[in-house]
file upload-v5.pdb (PDB, C-alpha atoms and all ligand atoms)
ATOM      1  CA  MET G   1      28.610  13.309   1.684
ATOM      2  CA  ILE G   2      31.663  13.271   3.941
ATOM      3  CA  TYR G   3      31.527  14.242   7.597
ATOM      4  CA  PHE G   4      34.703  15.106   9.473
ATOM      5  CA  VAL G   5      33.927  14.344  13.108
ATOM      6  CA  GLY G   6      35.912  15.062  16.264
ATOM      7  CA  ALA G   7      35.895  11.911  18.388
ATOM      8  CA  GLY G   8      36.833  13.726  21.586
ATOM      9  CA  SER G   9      39.896  13.226  23.720
ATOM     10  CA  GLY G  10      39.401   9.614  24.751
ATOM     11  CA  ALA G  11      36.361   8.633  26.836
ATOM     12  CA  ALA G  12      33.852   7.209  24.357
ATOM     13  CA  ASP G  13      30.990   9.299  25.766
ATOM     14  CA  LEU G  14      32.836  12.569  25.089
ATOM     15  CA  ILE G  15      31.903  12.584  21.415
ATOM     16  CA  THR G  16      29.190  15.175  20.651
ATOM     17  CA  VAL G  17      25.574  14.110  20.224
ATOM     18  CA  ARG G  18      25.837  15.108  16.553
ATOM     19  CA  GLY G  19      29.079  13.185  16.057
ATOM     20  CA  ALA G  20      27.578  10.067  17.641
ATOM     21  CA  ARG G  21      24.523  10.291  15.385
ATOM     22  CA  LEU G  22      26.654  10.647  12.239
ATOM     23  CA  LEU G  23      28.861   7.748  13.319
ATOM     24  CA  GLY G  24      25.825   5.551  13.905
ATOM     25  CA  GLU G  25      24.438   6.334  10.435
ATOM     26  CA  ALA G  26      27.659   6.124   8.362
ATOM     27  CA  ASP G  27      28.175   3.639   5.500
ATOM     28  CA  VAL G  28      31.968   4.123   5.685
ATOM     29  CA  VAL G  29      34.136   5.175   8.653
ATOM     30  CA  ILE G  30      37.801   6.112   8.441
ATOM     31  CA  TYR G  31      39.155   6.579  11.967
ATOM     32  CA  ALA G  32      42.518   7.629  13.360
ATOM     33  CA  GLY G  33      43.311   4.330  15.032
ATOM     34  CA  SER G  34      46.270   5.513  17.051
ATOM     35  CA  LEU G  35      44.185   7.778  19.306
ATOM     36  CA  VAL G  36      40.461   7.231  18.714
ATOM     37  CA  ASN G  37      38.819   5.055  21.358
ATOM     38  CA  PRO G  38      37.818   1.795  19.584
ATOM     39  CA  ALA G  39      34.712   1.616  21.791
ATOM     40  CA  LEU G  40      33.251   4.337  19.562
ATOM     41  CA  LEU G  41      33.222   1.924  16.627
ATOM     42  CA  GLU G  42      30.801  -0.346  18.479
ATOM     43  CA  THR G  43      28.120   2.224  17.677
ATOM     44  CA  CYS G  44      28.635   1.815  13.917
ATOM     45  CA  ARG G  45      26.122  -0.112  11.820
ATOM     46  CA  ALA G  46      26.887  -3.821  11.400
ATOM     47  CA  ASP G  47      27.365  -3.312   7.644
ATOM     48  CA  CYS G  48      29.562  -0.215   8.012
ATOM     49  CA  GLU G  49      32.948  -0.413   6.248
ATOM     50  CA  ILE G  50      35.619   0.599   8.767
ATOM     51  CA  TYR G  51      39.176   1.718   7.931
ATOM     52  CA  ASP G  52      41.990   2.565  10.345
ATOM     53  CA  SER G  53      43.893   5.536   8.902
ATOM     54  CA  ALA G  54      46.926   4.920  11.149
ATOM     55  CA  SER G  55      48.584   2.851   8.428
ATOM     56  CA  MET G  56      47.156   4.773   5.451
ATOM     57  CA  THR G  57      48.521   7.659   3.380
ATOM     58  CA  LEU G  58      46.475  10.720   2.437
ATOM     59  CA  GLU G  59      46.106   9.217  -1.050
ATOM     60  CA  GLN G  60      44.711   5.973   0.368
ATOM     61  CA  VAL G  61      42.252   7.869   2.572
ATOM     62  CA  LEU G  62      41.098   9.864  -0.454
ATOM     63  CA  ALA G  63      40.751   6.693  -2.515
ATOM     64  CA  VAL G  64      38.332   5.287   0.093
ATOM     65  CA  MET G  65      36.371   8.547   0.003
ATOM     66  CA  ASP G  66      36.348   8.540  -3.824
ATOM     67  CA  ARG G  67      34.868   5.069  -3.944
ATOM     68  CA  ALA G  68      32.270   5.866  -1.279
ATOM     69  CA  GLU G  69      31.231   9.025  -3.139
ATOM     70  CA  SER G  70      30.935   7.142  -6.433
ATOM     71  CA  GLU G  71      28.628   4.667  -4.704
ATOM     72  CA  GLY G  72      26.535   7.433  -3.122
ATOM     73  CA  LYS G  73      27.608   6.437   0.388
ATOM     74  CA  THR G  74      28.003   8.530   3.525
ATOM     75  CA  THR G  75      31.513   8.665   5.008
ATOM     76  CA  VAL G  76      32.578   9.699   8.499
ATOM     77  CA  ARG G  77      36.229  10.685   8.869
ATOM     78  CA  LEU G  78      36.752  10.327  12.600
ATOM     79  CA  HIS G  79      39.586  12.416  14.027
ATOM     80  CA  THR G  80      40.946  12.378  17.552
ATOM     81  CA  GLY G  81      40.045  15.296  19.833
ATOM     82  CA  ASP G  82      39.039  18.218  17.653
ATOM     83  CA  PRO G  83      40.029  17.969  13.981
ATOM     84  CA  SER G  84      41.302  21.563  13.861
ATOM     85  CA  ILE G  85      44.262  20.861  16.161
ATOM     86  CA  TYR G  86      47.077  18.893  14.466
ATOM     87  CA  GLY G  87      44.394  17.004  12.569
ATOM     88  CA  ALA G  88      45.796  17.170   9.011
ATOM     89  CA  ILE G  89      42.232  18.008   8.003
ATOM     90  CA  ARG G  90      42.973  20.956   5.682
ATOM     91  CA  GLU G  91      44.759  18.833   3.078
ATOM     92  CA  GLN G  92      41.778  16.485   2.999
ATOM     93  CA  MET G  93      39.266  19.326   2.665
ATOM     94  CA  ASP G  94      41.277  20.917  -0.141
ATOM     95  CA  ALA G  95      41.353  17.599  -2.011
ATOM     96  CA  LEU G  96      37.585  17.226  -1.541
ATOM     97  CA  ASP G  97      37.038  20.802  -2.770
ATOM     98  CA  ALA G  98      39.082  19.978  -5.883
ATOM     99  CA  ARG G  99      36.831  16.973  -6.530
ATOM    100  CA  GLY G 100      33.649  18.971  -5.885
ATOM    101  CA  TYR G 101      32.493  16.759  -2.965
ATOM    102  CA  THR G 102      30.299  18.112  -0.200
ATOM    103  CA  TYR G 103      31.633  17.812   3.334
ATOM    104  CA  ASP G 104      30.971  19.135   6.799
ATOM    105  CA  VAL G 105      32.898  19.379  10.081
ATOM    106  CA  THR G 106      31.604  18.418  13.535
ATOM    107  CA  PRO G 107      33.919  19.656  16.286
ATOM    108  CA  GLY G 108      35.123  17.530  19.193
ATOM    109  CA  VAL G 109      36.538  17.912  22.693
ATOM    110  CA  SER G 110      40.228  18.529  22.141
ATOM    111  CA  SER G 111      42.673  16.794  24.448
ATOM    112  CA  PHE G 112      43.828  20.162  25.771
ATOM    113  CA  CYS G 113      40.328  20.581  27.186
ATOM    114  CA  GLY G 114      40.386  17.002  28.454
ATOM    115  CA  ALA G 115      43.724  17.742  30.128
ATOM    116  CA  ALA G 116      42.331  20.812  31.926
ATOM    117  CA  ALA G 117      39.519  18.615  33.226
ATOM    118  CA  ALA G 118      42.023  15.989  34.381
ATOM    119  CA  LEU G 119      44.021  18.698  36.143
ATOM    120  CA  LYS G 120      40.859  20.335  37.521
ATOM    121  CA  ALA G 121      42.425  23.556  36.316
ATOM    122  CA  GLU G 122      41.397  26.782  34.579
ATOM    123  CA  TYR G 123      43.828  27.916  31.878
ATOM    124  CA  THR G 124      42.773  31.567  31.999
ATOM    125  CA  LEU G 125      43.055  32.902  35.548
ATOM    126  CA  PRO G 126      42.644  36.615  36.361
ATOM    127  CA  ASN G 127      46.007  38.251  36.991
ATOM    128  CA  VAL G 128      47.884  35.043  36.063
ATOM    129  CA  SER G 129      47.320  34.528  32.338
ATOM    130  CA  GLN G 130      44.591  35.447  29.894
ATOM    131  CA  THR G 131      46.206  33.577  27.021
ATOM    132  CA  VAL G 132      46.639  29.907  26.134
ATOM    133  CA  ILE G 133      49.420  29.098  23.698
ATOM    134  CA  ILE G 134      48.900  25.768  21.970
ATOM    135  CA  THR G 135      52.067  24.635  20.304
ATOM    136  CA  ARG G 136      54.585  21.833  19.931
ATOM    137  CA  ALA G 137      58.314  21.415  20.338
ATOM    138  CA  GLU G 138      60.247  21.133  17.102
ATOM    139  CA  GLY G 139      61.070  17.574  16.157
ATOM    140  CA  ARG G 140      60.863  16.070  12.692
ATOM    141  CA  THR G 141      58.088  18.540  11.906
ATOM    142  CA  PRO G 142      59.567  22.020  11.603
ATOM    143  CA  VAL G 143      58.119  24.899  13.644
ATOM    144  CA  PRO G 144      58.361  28.448  12.217
ATOM    145  CA  GLU G 145      61.255  30.456  13.653
ATOM    146  CA  LYS G 146      59.009  33.025  15.349
ATOM    147  CA  GLU G 147      57.123  30.217  17.108
ATOM    148  CA  GLN G 148      60.109  28.483  18.662
ATOM    149  CA  LEU G 149      59.435  27.598  22.317
ATOM    150  CA  ARG G 150      62.016  30.092  23.507
ATOM    151  CA  ALA G 151      60.171  32.946  21.772
ATOM    152  CA  LEU G 152      56.707  31.862  22.907
ATOM    153  CA  ALA G 153      57.950  31.369  26.465
ATOM    154  CA  SER G 154      58.730  35.084  26.711
ATOM    155  CA  HIS G 155      54.982  35.711  27.190
ATOM    156  CA  GLY G 156      54.892  33.674  30.406
ATOM    157  CA  SER G 157      51.333  32.674  29.490
ATOM    158  CA  THR G 158      49.616  29.357  29.932
ATOM    159  CA  MET G 159      51.169  26.974  27.424
ATOM    160  CA  VAL G 160      50.068  23.543  26.253
ATOM    161  CA  LEU G 161      52.466  21.407  24.245
ATOM    162  CA  PHE G 162      51.145  18.717  21.942
ATOM    163  CA  LEU G 163      53.315  16.051  20.302
ATOM    164  CA  SER G 164      56.315  16.888  22.471
ATOM    165  CA  THR G 165      56.682  14.117  25.053
ATOM    166  CA  GLY G 166      59.789  12.714  23.403
ATOM    167  CA  LEU G 167      61.426  16.130  23.152
ATOM    168  CA  LEU G 168      61.334  17.302  26.735
ATOM    169  CA  GLU G 169      65.082  17.572  27.471
ATOM    170  CA  LYS G 170      65.437  20.323  24.924
ATOM    171  CA  ALA G 171      61.946  21.760  25.456
ATOM    172  CA  GLU G 172      62.453  22.456  29.143
ATOM    173  CA  GLN G 173      65.741  24.228  28.378
ATOM    174  CA  GLU G 174      64.030  26.366  25.744
ATOM    175  CA  LEU G 175      61.105  27.183  28.031
ATOM    176  CA  MET G 176      63.491  28.367  30.741
ATOM    177  CA  ALA G 177      65.752  30.238  28.315
ATOM    178  CA  GLY G 178      62.636  32.043  27.082
ATOM    179  CA  GLY G 179      61.542  33.220  30.494
ATOM    180  CA  TYR G 180      59.741  30.637  32.634
ATOM    181  CA  SER G 181      61.524  30.230  35.956
ATOM    182  CA  ALA G 182      62.746  26.735  36.798
ATOM    183  CA  ASP G 183      60.052  26.400  39.459
ATOM    184  CA  THR G 184      57.126  27.407  37.220
ATOM    185  CA  PRO G 185      54.468  24.762  37.810
ATOM    186  CA  ALA G 186      54.004  22.233  35.016
ATOM    187  CA  ALA G 187      52.161  18.992  34.423
ATOM    188  CA  ILE G 188      52.216  15.983  32.156
ATOM    189  CA  VAL G 189      48.767  14.607  31.381
ATOM    190  CA  TYR G 190      48.842  11.125  29.891
ATOM    191  CA  LYS G 191      45.744   9.866  28.057
ATOM    192  CA  ALA G 192      43.440  12.568  29.379
ATOM    193  CA  THR G 193      39.857  11.275  29.818
ATOM    194  CA  TRP G 194      40.821   7.669  28.981
ATOM    195  CA  PRO G 195      40.290   5.032  31.708
ATOM    196  CA  ASP G 196      44.080   4.841  32.201
ATOM    197  CA  GLU G 197      44.559   8.633  32.442
ATOM    198  CA  LYS G 198      47.541   9.733  34.537
ATOM    199  CA  VAL G 199      48.489  13.188  35.801
ATOM    200  CA  PHE G 200      52.007  14.094  36.910
ATOM    201  CA  ARG G 201      52.565  17.500  38.465
ATOM    202  CA  CYS G 202      56.088  18.883  38.369
ATOM    203  CA  THR G 203      57.925  22.076  37.424
ATOM    204  CA  VAL G 204      59.333  23.293  34.131
ATOM    205  CA  SER G 205      62.829  22.130  35.117
ATOM    206  CA  THR G 206      61.660  18.617  36.006
ATOM    207  CA  LEU G 207      59.493  17.863  32.966
ATOM    208  CA  ALA G 208      61.946  15.552  31.213
ATOM    209  CA  ARG G 209      62.828  13.725  34.418
ATOM    210  CA  THR G 210      59.172  13.274  35.345
ATOM    211  CA  ALA G 211      58.354  11.814  31.930
ATOM    212  CA  ARG G 212      61.384   9.514  32.080
ATOM    213  CA  GLU G 213      60.730   8.271  35.617
ATOM    214  CA  ASN G 214      57.125   7.471  34.774
ATOM    215  CA  GLN G 215      57.880   6.015  31.319
ATOM    216  CA  ILE G 216      55.652   8.512  29.544
ATOM    217  CA  THR G 217      56.744   8.637  25.920
ATOM    218  CA  LYS G 218      53.576   9.458  23.989
ATOM    219  CA  THR G 219      49.852  10.342  24.147
ATOM    220  CA  ALA G 220      50.537  13.102  26.628
ATOM    221  CA  LEU G 221      50.172  16.840  26.848
ATOM    222  CA  ILE G 222      52.556  19.149  28.651
ATOM    223  CA  ALA G 223      50.973  22.079  30.463
ATOM    224  CA  VAL G 224      53.054  24.933  31.807
ATOM    225  CA  GLY G 225      52.274  28.127  33.684
ATOM    226  CA  GLY G 226      51.148  29.908  36.797
ATOM    227  CA  PHE G 227      47.605  28.614  36.277
ATOM    228  CA  LEU G 228      48.832  25.424  37.952
ATOM    229  CA  GLY G 229      49.864  27.409  41.043
ATOM    230  CA  SER G 230      47.735  28.664  43.923
ATOM    231  CA  GLU G 231      47.743  32.453  43.360
ATOM    232  CA  TYR G 232      45.084  34.241  41.306
ATOM    233  CA  ASP G 233      42.524  37.013  41.589
ATOM    234  CA  ARG G 234      38.825  36.255  41.731
ATOM    235  CA  SER G 235      36.806  37.094  38.620
ATOM    236  CA  LEU G 236      35.117  40.447  38.116
ATOM    237  CA  LEU G 237      32.203  38.691  36.428
ATOM    238  CA  TYR G 238      30.959  37.262  39.733
ATOM    239  CA  ASP G 239      32.197  40.095  41.969
ATOM    240  CA  PRO G 240      29.320  41.745  43.873
ATOM    241  CA  GLY G 241      30.866  45.168  43.215
ATOM    242  CA  PHE G 242      31.036  44.787  39.409
ATOM    243  CA  SER G 243      28.115  45.702  37.122
ATOM    244  CA  HIS G 244      27.633  44.198  33.677
ATOM    245  CA  GLY G 245      24.923  43.638  31.095
ATOM    246  CA  CYS G 246      23.150  40.975  33.150
ATOM    247  CA  ARG G 247      23.648  42.231  36.705
ATOM    248  CA  GLU G 248      23.896  45.498  38.691
ATOM    249  CA  ALA G 249      26.601  45.858  41.345
ATOM    250  CA  SER G 250      25.064  45.304  44.768
ATOM    251  CA  LYS G 251      27.176  47.964  46.492
TER
HETATM  252  N1  LIG G 301      43.315  16.686  17.340
HETATM  253  C1  LIG G 301      43.847  16.191  18.592
HETATM  254  C2  LIG G 301      45.352  16.251  18.644
HETATM  255  C3  LIG G 301      46.034  15.351  17.633
HETATM  256  S1  LIG G 301      47.778  15.411  17.725
HETATM  257  C4  LIG G 301      43.190  16.940  19.742
HETATM  258  O1  LIG G 301      42.442  17.893  19.520
HETATM  259  O2  LIG G 301      43.437  16.561  20.893
HETATM  260  C5  LIG G 301      48.141  14.049  18.755
HETATM  261  C6  LIG G 301      48.719  14.529  20.083
HETATM  262  O3  LIG G 301      47.677  15.049  20.867
HETATM  263  C7  LIG G 301      49.362  13.473  20.934
HETATM  264  O4  LIG G 301      50.711  13.264  20.579
HETATM  265  C8  LIG G 301      49.274  14.067  22.310
HETATM  266  O5  LIG G 301      50.248  15.072  22.500
HETATM  267  C9  LIG G 301      47.934  14.768  22.227
HETATM  268  N2  LIG G 301      46.826  13.947  22.740
HETATM  269  C10 LIG G 301      45.804  13.441  22.020
HETATM  270  N3  LIG G 301      44.920  12.834  22.836
HETATM  271  C11 LIG G 301      45.407  12.961  24.093
HETATM  272  C12 LIG G 301      44.932  12.602  25.390
HETATM  273  N4  LIG G 301      43.775  11.968  25.561
HETATM  274  N5  LIG G 301      45.693  12.938  26.460
HETATM  275  C13 LIG G 301      46.841  13.614  26.317
HETATM  276  N6  LIG G 301      47.327  13.989  25.121
HETATM  277  C14 LIG G 301      46.622  13.679  24.029
END
call {"tool": "encode", "arguments": {"input": "upload-v5.pdb", "output": "structure tokens", "more": "lines below"}}
Ligand code: SAH
result
Amino acid sequence: MIYFVGAGSGAADLITVRGARLLGEADVVIYAGSLVNPALLETCRADCEIYDSASMTLEQVLAVMDRAESEGKTTVRLHTGDPSIYGAIREQMDALDARGYTYDVTPGVSSFCGAAAALKAEYTLPNVSQTVIITRAEGRTPVPEKEQLRALASHGSTMVLFLSTGLLEKAEQELMAGGYSADTPAAIVYKATWPDEKVFRCTVSTLARTARENQITKTALIAVGGFLGSEYDRSLLYDPGFSHGCREASK
């Protein structure tokens, strides 16, 4: 049996209760060493075989899983944040399907949720934005034409950029060309929920400069949008004058 487990965004106690249990029981653990907090591995059994996938290819990861399966062992594949976001999990699952192995997925706290917590922000504010676009700037990994930053920026929604810290000169130009004004609030969140977390608030036009001045080159998320400003409407859900399934309007 193979369990894909989301490790959470950084702090070791942000893994789910289920993920922690699976990790503590595993015979074999393959973890994404570049971003998974090593403190999590302290909860593994003393005889657990541990592999860091940072230096491994997909084929090498699968070879470890093949051997574990042939020996009837339980494997945890520990991914950073939530495995569904830039986790390269699909190609593993397809390979496991082809081999007829049984596997399961335990979600995790994605770093974009960790970043909102670090910012003490709400991505979906009434009358500001009801949409969160999760995307990345185009670098060595191509991004489909219709999803270029310039096109997505035309929505003016909340946007969170993964994997883009080294691409901010071009990204900020694209975001502005697409429709965000230069003074749209923005933030860089470095190592959200880790002990050395850092938050830098800026504007769309100062993203690249802010990253440069603070030597932020990786392990950061870029958040953009009016949700980082001070204007919004209060929610209808908790408005005394609004009735819904669980509450009658009081006036
Ligand atoms: N599956 C992960 C994302 C993996 S892609 C998740 O759900 O969070 C790796 C990228 O995620 C990094 O380049 C960075 O942009 C972002 N990232 C991961 N952990 C982060 C953290 N704690 N703080 C800020 N950004 C993080």
call {"tool": "residues_around", "arguments": {"input": "upload-v5.pdb", "residues": "G:Ala137", "least_positions_apart": "2", "cutoff": "7 Å", "atoms": "all atoms listed in the file", "output": "ChimeraX atom specification"}}
result
/G:139,149,164,167,171
call {"tool": "closest_atom_pairs", "arguments": {"input": "upload-v5.pdb", "of": "stretch 169-229 of chain G", "to": "stretch 111-121 of chain G", "cutoff": "10 Å", "atoms": "all atoms listed in the file", "output": "JSON lines"}}
result
{"residue": "G:Ala187", "atom": "CA", "partner": "G:Leu119", "partner_atom": "CA", "distance": 8.3}
{"residue": "G:Ile188", "atom": "CA", "partner": "G:Ala115", "partner_atom": "CA", "distance": 8.9}
{"residue": "G:Val189", "atom": "CA", "partner": "G:Ala115", "partner_atom": "CA", "distance": 6.1}
{"residue": "G:Tyr190", "atom": "CA", "partner": "G:Ala115", "partner_atom": "CA", "distance": 8.4}
{"residue": "G:Lys191", "atom": "CA", "partner": "G:Ala115", "partner_atom": "CA", "distance": 8.4}
{"residue": "G:Ala192", "atom": "CA", "partner": "G:Ala115", "partner_atom": "CA", "distance": 5.2}
{"residue": "G:Thr193", "atom": "CA", "partner": "G:Gly114", "partner_atom": "CA", "distance": 5.9}
{"residue": "G:Trp194", "atom": "CA", "partner": "G:Gly114", "partner_atom": "CA", "distance": 9.4}
{"residue": "G:Glu197", "atom": "CA", "partner": "G:Ala118", "partner_atom": "CA", "distance": 8.0}
{"residue": "G:Lys198", "atom": "CA", "partner": "G:Ala118", "partner_atom": "CA", "distance": 8.3}
{"residue": "G:Val199", "atom": "CA", "partner": "G:Leu119", "partner_atom": "CA", "distance": 7.1}
{"residue": "G:Phe200", "atom": "CA", "partner": "G:Leu119", "partner_atom": "CA", "distance": 9.2}
{"residue": "G:Arg201", "atom": "CA", "partner": "G:Leu119", "partner_atom": "CA", "distance": 8.9}
{"residue": "G:Thr219", "atom": "CA", "partner": "G:Ser111", "partner_atom": "CA", "distance": 9.7}
{"residue": "G:Ala220", "atom": "CA", "partner": "G:Ala115", "partner_atom": "CA", "distance": 9.0}
{"residue": "G:Leu221", "atom": "CA", "partner": "G:Phe112", "partner_atom": "CA", "distance": 7.2}
{"residue": "G:Ile222", "atom": "CA", "partner": "G:Ala115", "partner_atom": "CA", "distance": 9.1}
{"residue": "G:Ala223", "atom": "CA", "partner": "G:Ala115", "partner_atom": "CA", "distance": 8.5}
{"residue": "G:Phe227", "atom": "CA", "partner": "G:Ala121", "partner_atom": "CA", "distance": 7.2}
{"residue": "G:Leu228", "atom": "CA", "partner": "G:Ala121", "partner_atom": "CA", "distance": 6.9}
{"residue": "G:Gly229", "atom": "CA", "partner": "G:Ala121", "partner_atom": "CA", "distance": 9.6}
call {"tool": "closest_residue", "arguments": {"input": "upload-v5.pdb", "among": "G:Ser181, G:Thr80, G:Thr141, G:Ser70", "to": "ligand LIG 301 (chain G)", "atoms": "all atoms listed in the file"}}
result
G:Thr80
call {"tool": "resolve_selection", "arguments": {"input": "upload-v5.pdb", "expression": "the PyMOL selection byres (((chain G and resi 37) around 9) and not hetatm)", "output": "PDB file with C-alpha atoms, in the frame of the given file"}}
result
ATOM      1  CA  ALA G   7      35.895  11.911  18.388  1.00  0.00           C
ATOM      2  CA  GLY G   8      36.833  13.726  21.586  1.00  0.00           C
ATOM      3  CA  SER G   9      39.896  13.226  23.720  1.00  0.00           C
ATOM      4  CA  GLY G  10      39.401   9.614  24.751  1.00  0.00           C
ATOM      5  CA  ALA G  11      36.361   8.633  26.836  1.00  0.00           C
ATOM      6  CA  ALA G  12      33.852   7.209  24.357  1.00  0.00           C
ATOM      7  CA  GLY G  33      43.311   4.330  15.032  1.00  0.00           C
ATOM      8  CA  SER G  34      46.270   5.513  17.051  1.00  0.00           C
ATOM      9  CA  LEU G  35      44.185   7.778  19.306  1.00  0.00           C
ATOM     10  CA  VAL G  36      40.461   7.231  18.714  1.00  0.00           C
ATOM     11  CA  PRO G  38      37.818   1.795  19.584  1.00  0.00           C
ATOM     12  CA  ALA G  39      34.712   1.616  21.791  1.00  0.00           C
ATOM     13  CA  LEU G  40      33.251   4.337  19.562  1.00  0.00           C
ATOM     14  CA  LEU G  41      33.222   1.924  16.627  1.00  0.00           C
ATOM     15  CA  THR G  80      40.946  12.378  17.552  1.00  0.00           C
ATOM     16  CA  TRP G 194      40.821   7.669  28.981  1.00  0.00           C
TER      17      TRP G 194
END
call {"tool": "closest_residue", "arguments": {"input": "upload-v5.pdb", "among": "G:Ile50, G:Leu236, G:Met159, G:Ile85", "to": "ligand LIG 301 (chain G)", "atoms": "only C-alpha atoms and all ligand atoms"}}
result
G:Ile85
call {"tool": "axis_aligned_box", "arguments": {"input": "upload-v5.pdb", "around": "ligand LIG 301 (chain G)", "padding_each_side": "4 Å", "output": "JSON"}}
result
{"center_x": 46.6, "center_y": 14.9, "center_z": 21.9, "size_x": 16.3, "size_y": 13.9, "size_z": 17.1}
call {"tool": "atom_distance", "arguments": {"input": "upload-v5.pdb", "atom1": "atom N6 of ligand LIG 301 (chain G)", "atom2": "atom CA of G:Tyr86"}}
result
11.7 Å
call {"tool": "closest_residue", "arguments": {"input": "upload-v5.pdb", "among": "G:Leu152, G:Met1, G:Met56, G:Leu22", "to": "G:Glu71", "atoms": "all atoms listed in the file"}}
result
G:Met1
call {"tool": "residues_around", "arguments": {"input": "upload-v5.pdb", "residues": "G:Ala88", "least_positions_apart": "4", "cutoff": "12 Å", "atoms": "all atoms listed in the file", "output": "list in words"}}
result
Phe4, Ala32, Ser53, Thr57, Leu58, Val61, Arg77, Leu78, His79, Thr80, Asp82, Pro83, Ser84, Gln92, Met93, Asp94 and Ala95 of chain G
call {"tool": "resolve_selection", "arguments": {"input": "upload-v5.pdb", "expression": "the PyMOL selection byres (((chain G and resi 3) around 10) and not hetatm)", "output": "VMD selection string"}}
result
chain G and resid 1 to 2 4 to 6 19 22 to 23 26 29 74 to 78 102 to 106
call {"tool": "closest_residue", "arguments": {"input": "upload-v5.pdb", "among": "G:Pro107, G:Ile216, G:Gly226, G:Ala249", "to": "G:Arg18", "atoms": "all atoms listed in the file"}}
result
G:Pro107
call {"tool": "atom_distance", "arguments": {"input": "upload-v5.pdb", "atom1": "atom CA of G:Gly81", "atom2": "atom CA of G:Gln130"}}
result
23.0 Å
call {"tool": "closest_residue", "arguments": {"input": "upload-v5.pdb", "among": "G:Ala186, G:Ala20, G:Cys202, G:Val143", "to": "G:Thr43", "atoms": "all atoms listed in the file"}}
result
G:Ala20
call {"tool": "atom_distance", "arguments": {"input": "upload-v5.pdb", "atom1": "atom CA of G:Tyr180", "atom2": "atom CA of G:Leu161"}}
result
14.4 Å
call {"tool": "closest_residue", "arguments": {"input": "upload-v5.pdb", "among": "G:Thr131, G:Gln215, G:Ser110, G:Ser243", "to": "ligand LIG 301 (chain G)", "atoms": "only C-alpha atoms and all ligand atoms"}}
result
G:Ser110
call {"tool": "resolve_selection", "arguments": {"input": "upload-v5.pdb", "expression": "the PyMOL selection byres (((chain G and resi 132) around 8) and not hetatm)", "output": "PyMOL selection string"}}
result
chain G and resi 123-124+129-131+133-134+157-160
call {"tool": "residues_around", "arguments": {"input": "upload-v5.pdb", "residues": "G:Glu172", "least_positions_apart": "3", "cutoff": "10 Å", "atoms": "only C-alpha atoms", "output": "list in words"}}
result
Ala137, Leu149, Arg150, Leu167, Leu168, Glu169, Leu175, Met176, Ala177, Gly178, Tyr180, Ala182, Thr203, Val204, Ser205, Thr206, Leu207 and Ala208 of chain G
call {"tool": "decode", "arguments": {"input": "upload-v5.pdb", "residues": "stretch 4-15 of chain G", "atoms": "N, CA and C atoms", "output": "PDB file, in the first residue's frame"}}
result
ATOM      1  N   PHE G   4       0.041   8.665  -0.452  1.00  0.00           N
ATOM      2  CA  PHE G   4       0.526  10.010  -0.742  1.00  0.00           C
ATOM      3  C   PHE G   4       0.008  10.900   0.391  1.00  0.00           C
ATOM      4  N   VAL G   5       0.910  11.639   1.006  1.00  0.00           N
ATOM      5  CA  VAL G   5       0.518  12.446   2.168  1.00  0.00           C
ATOM      6  C   VAL G   5       1.008  13.878   1.977  1.00  0.00           C
ATOM      7  N   GLY G   6       0.120  14.832   2.210  1.00  0.00           N
ATOM      8  CA  GLY G   6       0.517  16.241   2.215  1.00  0.00           C
ATOM      9  C   GLY G   6       1.150  16.568   3.553  1.00  0.00           C
ATOM     10  N   ALA G   7       2.375  17.095   3.518  1.00  0.00           N
ATOM     11  CA  ALA G   7       3.104  17.371   4.761  1.00  0.00           C
ATOM     12  C   ALA G   7       2.670  18.682   5.394  1.00  0.00           C
ATOM     13  N   GLY G   8       1.948  19.509   4.631  1.00  0.00           N
ATOM     14  CA  GLY G   8       1.648  20.859   5.107  1.00  0.00           C
ATOM     15  C   GLY G   8       2.724  21.827   4.662  1.00  0.00           C
ATOM     16  N   SER G   9       2.495  23.097   4.948  1.00  0.00           N
ATOM     17  CA  SER G   9       3.311  24.149   4.337  1.00  0.00           C
ATOM     18  C   SER G   9       4.650  24.377   5.013  1.00  0.00           C
ATOM     19  N   GLY G  10       4.871  23.820   6.188  1.00  0.00           N
ATOM     20  CA  GLY G  10       6.181  24.034   6.808  1.00  0.00           C
ATOM     21  C   GLY G  10       6.197  23.598   8.260  1.00  0.00           C
ATOM     22  N   ALA G  11       5.482  24.302   9.128  1.00  0.00           N
ATOM     23  CA  ALA G  11       5.461  23.945  10.553  1.00  0.00           C
ATOM     24  C   ALA G  11       5.130  22.461  10.687  1.00  0.00           C
ATOM     25  N   ALA G  12       5.927  21.754  11.492  1.00  0.00           N
ATOM     26  CA  ALA G  12       5.784  20.291  11.557  1.00  0.00           C
ATOM     27  C   ALA G  12       4.415  19.880  12.103  1.00  0.00           C
ATOM     28  N   ASP G  13       3.798  20.726  12.918  1.00  0.00           N
ATOM     29  CA  ASP G  13       2.495  20.336  13.487  1.00  0.00           C
ATOM     30  C   ASP G  13       1.322  20.745  12.586  1.00  0.00           C
ATOM     31  N   LEU G  14       1.609  21.112  11.339  1.00  0.00           N
ATOM     32  CA  LEU G  14       0.518  21.395  10.401  1.00  0.00           C
ATOM     33  C   LEU G  14       0.159  20.194   9.535  1.00  0.00           C
ATOM     34  N   ILE G  15       0.823  19.085   9.710  1.00  0.00           N
ATOM     35  CA  ILE G  15       0.401  17.873   9.002  1.00  0.00           C
ATOM     36  C   ILE G  15      -0.932  17.425   9.615  1.00  0.00           C
TER      37      ILE G  15
END
